[in-house]
Every structure is written in structure tokens, then in C-alpha cells.
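Peer 1: First the structure, then my questions, so here it is.
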Amino acid sequence: MIYGSLVALVTPMDRAGDVDQAALERLVEFHIKNNTDAIVAVGTTGESATLDVEEHCDVVSRVVKLVNGRIPVIAGTGANATREAITLTARSAELGVDACLLVTPYYNKPGQEGLYQHYKAIAEAVDIPQILYNVPGRTACDMADETSLRLAEIPNIVGLKDATGDLERAAWLIANRPDDFALYSGDDATAMDFVLAGGDGVISVTANITPSSMHEMIQAARNNDRELAVTLNQPLTGLHRDLFVEANPIPVKWAVQEMGLIAAGIRLPLTELASENHQLVRAAMVKAGAL
């Protein structure tokens, strides 16, 4: 089981929108140096929706090689077509990732049985640890907690990223999950409370900016040290909020650019952070000690 602060890594691009390989290496080394516990490559924060299959697999391959076994690598391999998700998951398994993260199908709006059969088919097709990802605010598809636990009975479905931000749902999942089924927050603003309640970690956008601080805060929460966790989380609250002032990953890519780690580059239909939001995000970065 993978624990701690897992970064939902941005995919660096140049102004033409092409993947920036040199910047990708800088990002990987930055996260390893600053105690990120695992890297999620080409998840939804990594603009998976706008990378084609070859680009997607190339970024995953590069991250695996750059990490070179120092921390776990999880590939984002979800899709709204089950066959495409199987292809991405199989390719990522061949490339040597430690696990795959699969977002619920977006736009299709499958029912609960459709979700179960979707994930069951992927798990049966590819023998690699797989983490479910429920983010109804982005997909218009909400996987019921009962469906998640039904899927947890499948041996290589090993966890869930819950981005609902609903701590009552999280508490129910924590109380009813199998012992070997990991639960990760996908909502930075509630991640501390999620882990204090018994969750295993966070798959984080904020960790792109303050990886060491997120690692320390989540570690304190996992140790059930509420006082320390609250103290460590307080300077990060602005980032948790303001990195979502526009659609993710627009603000976080601008912030990583401000840190000098990547160039300005994002793919349409997303555009760069609006100038009126620059000071808001910069102020949150200063408060968090990132600038």
C-alpha cells in the first residue's frame, strides 16, 4: 500500500503545447528532493484529456525512468471508453508503473452497474494494482460508496481516490472498507481531516507547489497528531483554495511556472491563468512559503 502525499503532477509544456522533457526531469527531481511520497503521472491534473495515447505513454515512460525506483509511480489511465482505459492501463503496466489511477468515465453518465462492469473489465484485463477515482464535480458521474466497496472485493483494485470533499462519506468508507483497501483524499482543502479520520493519504494538487509541507502535514495526520497537522496545514489553506480559482490545472501550472520549474504552456481548450488572478495565487504561494 502507498501512503502519504502523492502529487498529481502537472505535465510541463512549452508555449506551443508540446511536452517539455527537460522540465519534466526538473519536476521529478524537485519532488524526490522534497519528500513527495509518490508521483501520479498524466492524471487529470496532468492534462490526460488532451494528450493522445502515444504522448500519454511517453510521459509515463519518462517519469518511470527518471524516478528509477526511488518512489512509487502511478499512471493515470482512466477514460470514458472502457477499451481505451484497458489499453492505457496495459501500456502503463508494460512501462513499469507501480499502480494505475482510473477516473470514472466522464460525460457518458453510466449507472452503478455500468461503473462496476467498467472497472471489473479493466482489472480482469490487466494484472496491476488499480486505484479508483471518483470526482463527480468534474465528470458528472458519482460512484456510490457501495459500488466502491463492491469493487474493493476484486483483488487488484487496491484503493480509491475520493475527491467529493464529503467527510461524512469518507468516514463511512473508512469504517467499512477492507483492511487492504487504501483511501486517498482527492480534495486538498479537506485532506487533513480525511487522513486524521483514518485515510491513508492525499493525491494532491497543492503538492505541486509545496511538496515538503504537504508530506509533513499528511505524516502528522497519519500519526494522529492533530495539533501539529493543523499547524502545518494552516499556511497551505490559501493554496488549497486559490489553486482552484479557475479550472484545474490552470492556476497550478501558472504557480509552478512562477517557481521557475516550467515554462508557460497549457493545451486548448484551457488557457493561461487570467491576469486578474495572478496576485491572488501569488499571495497564497507567499503565505505557504513557496516564494
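Labels used: A, B, ... for chains in the order of the C-alpha cells, numbers from 1 for residues in each chain, and numbers from 1 for ligands as shown.
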Enumerate, as a ChimeraX atom specification, the complete set of residues in region 18-244 of chain A that a backbone-based DSSP assignment places in strand (DSSP E).
Peer 2: /A:38-41,73-76,99-103,130-134,157-162,182-185,201-204
Peer 1: For Val252 (chain A), work out the shell of residues within 8 Å, counting only C-alpha atoms and skipping chain neighbours fewer than 3 positions away, then give it as a list in words.
Peer 2: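 After dropping sequence-adjacent residues, the list is Val10, Val205, Thr206, Asn208, Ile209, Leu243, Asn248, Pro249, Ala255 and Val256 of chain A.
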Peer 1: Take the residues that were just selected and, keeping N, CA and C atoms, output them as a PDB file, in the first residue's frame.
Peer 2:
```pdb
ATOM      1  N   VAL A  10       1.689  18.004 -12.655  1.00  0.00           N
ATOM      2  CA  VAL A  10       1.380  18.720 -13.895  1.00  0.00           C
ATOM      3  C   VAL A  10       2.286  18.183 -15.009  1.00  0.00           C
ATOM      4  N   VAL A 205      -3.036  18.372  -5.577  1.00  0.00           N
ATOM      5  CA  VAL A 205      -2.648  19.459  -6.469  1.00  0.00           C
ATOM      6  C   VAL A 205      -1.677  20.394  -5.750  1.00  0.00           C
ATOM      7  N   THR A 206      -1.985  20.722  -4.491  1.00  0.00           N
ATOM      8  CA  THR A 206      -1.129  21.627  -3.707  1.00  0.00           C
ATOM      9  C   THR A 206       0.309  21.116  -3.636  1.00  0.00           C
ATOM     10  N   ASN A 208       2.160  20.040  -5.808  1.00  0.00           N
ATOM     11  CA  ASN A 208       2.982  20.550  -6.904  1.00  0.00           C
ATOM     12  C   ASN A 208       3.786  21.765  -6.474  1.00  0.00           C
ATOM     13  N   ILE A 209       3.252  22.539  -5.503  1.00  0.00           N
ATOM     14  CA  ILE A 209       3.852  23.804  -5.090  1.00  0.00           C
ATOM     15  C   ILE A 209       4.652  23.647  -3.807  1.00  0.00           C
ATOM     16  N   LEU A 243      -5.766  27.607  -5.727  1.00  0.00           N
ATOM     17  CA  LEU A 243      -5.345  26.824  -6.897  1.00  0.00           C
ATOM     18  C   LEU A 243      -6.537  26.325  -7.705  1.00  0.00           C
ATOM     19  N   ASN A 248      -8.790  23.628 -12.695  1.00  0.00           N
ATOM     20  CA  ASN A 248      -7.528  22.900 -12.576  1.00  0.00           C
ATOM     21  C   ASN A 248      -7.204  22.230 -13.919  1.00  0.00           C
ATOM     22  N   PRO A 249      -5.957  22.311 -14.423  1.00  0.00           N
ATOM     23  CA  PRO A 249      -4.730  22.764 -13.758  1.00  0.00           C
ATOM     24  C   PRO A 249      -4.264  24.167 -14.137  1.00  0.00           C
ATOM     25  N   ALA A 255       1.407  28.651 -11.207  1.00  0.00           N
ATOM     26  CA  ALA A 255       2.188  28.727  -9.973  1.00  0.00           C
ATOM     27  C   ALA A 255       3.525  28.000 -10.113  1.00  0.00           C
ATOM     28  N   VAL A 256       3.524  26.832 -10.736  1.00  0.00           N
ATOM     29  CA  VAL A 256       4.787  26.101 -10.938  1.00  0.00           C
ATOM     30  C   VAL A 256       5.700  26.884 -11.876  1.00  0.00           C
TER      31      VAL A 256
END
```
Peer 1: Could you tell me how far CA of Glu84 (chain A) lies from CA of Gly159 (chain A), in Å and to one decimal?
Peer 2: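 CA of Glu84 (chain A) sits 20.9 Å away from CA of Gly159 (chain A).
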Peer 1: List as a list in words the protein and nucleic acid residues near Ala99 (chain A), meaning an atom at most 6 Å away when only C-alpha atoms are counted, but skip any in the same chain fewer than 4 places from it.
Peer 2: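 My reading of the contact set: Ile74, Pro129 and Gln130 of chain A.
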Peer 1: What's around Leu173 (chain A) at 9 Å? Count only C-alpha atoms, leave out sequence neighbours fewer than 5 positions away in its own chain, and write the answer as a list in words.
Peer 2: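 Using only C-alpha atoms, the neighbours found are Asp145, Glu146, Ser148, Leu149, Glu168 and Leu183 of chain A.
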Peer 1: For those residues, write C-alpha atoms to a file as a CSV table (one decimal), in the first residue's frame.
Peer 2:
```csv
chain,number,residue,atom,x,y,z
A,145,ASP,CA,-19.7,4.3,-1.9
A,146,GLU,CA,-21.3,0.9,-2.0
A,148,SER,CA,-16.5,1.3,-4.5
A,149,LEU,CA,-16.6,-1.3,-1.8
A,168,GLU,CA,-19.2,12.1,6.1
A,183,LEU,CA,-8.3,5.5,0.8
```
Peer 1: Which distance in Å separates CA of Gln257 (chain A) and CA of Thr11 (chain A), to one decimal?
Peer 2: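 Separation of CA of Gln257 (chain A) and CA of Thr11 (chain A): 11.7 Å.
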Peer 1: Considering only C-alpha atoms, state which residue in the set A:Ala264, A:Leu239, A:Met192, A:Ile157 is at the smallest distance from Met285 (chain A).
Peer 2: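 Nearest to Met285 (chain A): A:Leu239.
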Peer 1: Could you tell me how far CA of Ser212 (chain A) lies from CA of Asn233 (chain A), in Å and to one decimal?
Peer 2: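 Calculated distance between CA of Ser212 (chain A) and CA of Asn233 (chain A) is 11.7 Å.
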Peer 1: Run DSSP on the backbone of this structure and report the residues of region 147-289 of chain A it assigns to alpha helix (DSSP H), as JSON, numbers by chain.
Peer 2: {"A": [147, 148, 149, 150, 151, 167, 168, 169, 170, 171, 172, 173, 174, 175, 176, 188, 189, 190, 191, 192, 193, 194, 195, 196, 211, 212, 213, 214, 215, 216, 217, 218, 219, 220, 221, 222, 226, 227, 228, 229, 230, 231, 232, 233, 237, 238, 239, 240, 241, 242, 250, 251, 252, 253, 254, 255, 256, 257, 258, 278, 279, 280, 281, 282, 283, 284, 285, 286, 287, 288]}
Peer 1: I want to know what sits within 6 Å of region 33-46 of chain A, based on only C-alpha atoms, with residues of the same chain fewer than 5 positions away left out; could you give that as number ranges by chain?
Peer 2: A: 4-11, 60, 71-76, 211-212, 249
Peer 1: Rank nothing, just name the residue among A:Asn277, A:Ser92, A:Asn68, A:Thr271 nearest to Phe244 (chain A), using only C-alpha atoms.
Peer 2: A:Asn277
Peer 1: Hey, what's within 10 Å of Gln219 (chain A) if we count only C-alpha atoms and toss same-chain stuff fewer than 6 positions away? As a ChimeraX atom specification, please?
Peer 2: /A:3-5,192,195-196,200-201,213,225,228-229
Peer 1: Which residue, A:Ile250, A:Ile32, A:Val19, A:Val202, has the smallest gap to Glu272 (chain A) when you use only C-alpha atoms?
Peer 2: A:Ile250
Peer 1: Please determine, counting only C-alpha atoms, which residue among A:Ile128, A:Val64, A:Leu101, A:Val230 has the shortest atom-to-atom distance to Tyr184 (chain A).
Peer 2: A:Leu101
Peer 1: Given the choices A:Asp52, A:Ala263, A:His31, A:Pro178, which gets closest to Met214 (chain A) if the distance is worked out from only C-alpha atoms?
Peer 2: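 Going through A:Asp52, A:Ala263, A:His31, A:Pro178 one by one, the smallest distance to Met214 (chain A) is for A:His31.
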Peer 1: Which residue out of A:Glu153, A:Ala197, A:Ala221, A:Ala191 has the minimum interatomic distance to Trp172 (chain A) when only C-alpha atoms are used?
Peer 2: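 Using only C-alpha atoms, the shortest distance to Trp172 (chain A) belongs to A:Ala197.
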Peer 1: So that I can check the surroundings of Ala144 (chain A), please list as a PyMOL selection string every protein, DNA and RNA residue that reaches within 12 Å of it, counting only C-alpha atoms and ignoring chain neighbours fewer than 5 positions away.
Peer 2: chain A and resi 104+110-116+132-136+149-151+160+162+164+169-170+172-173
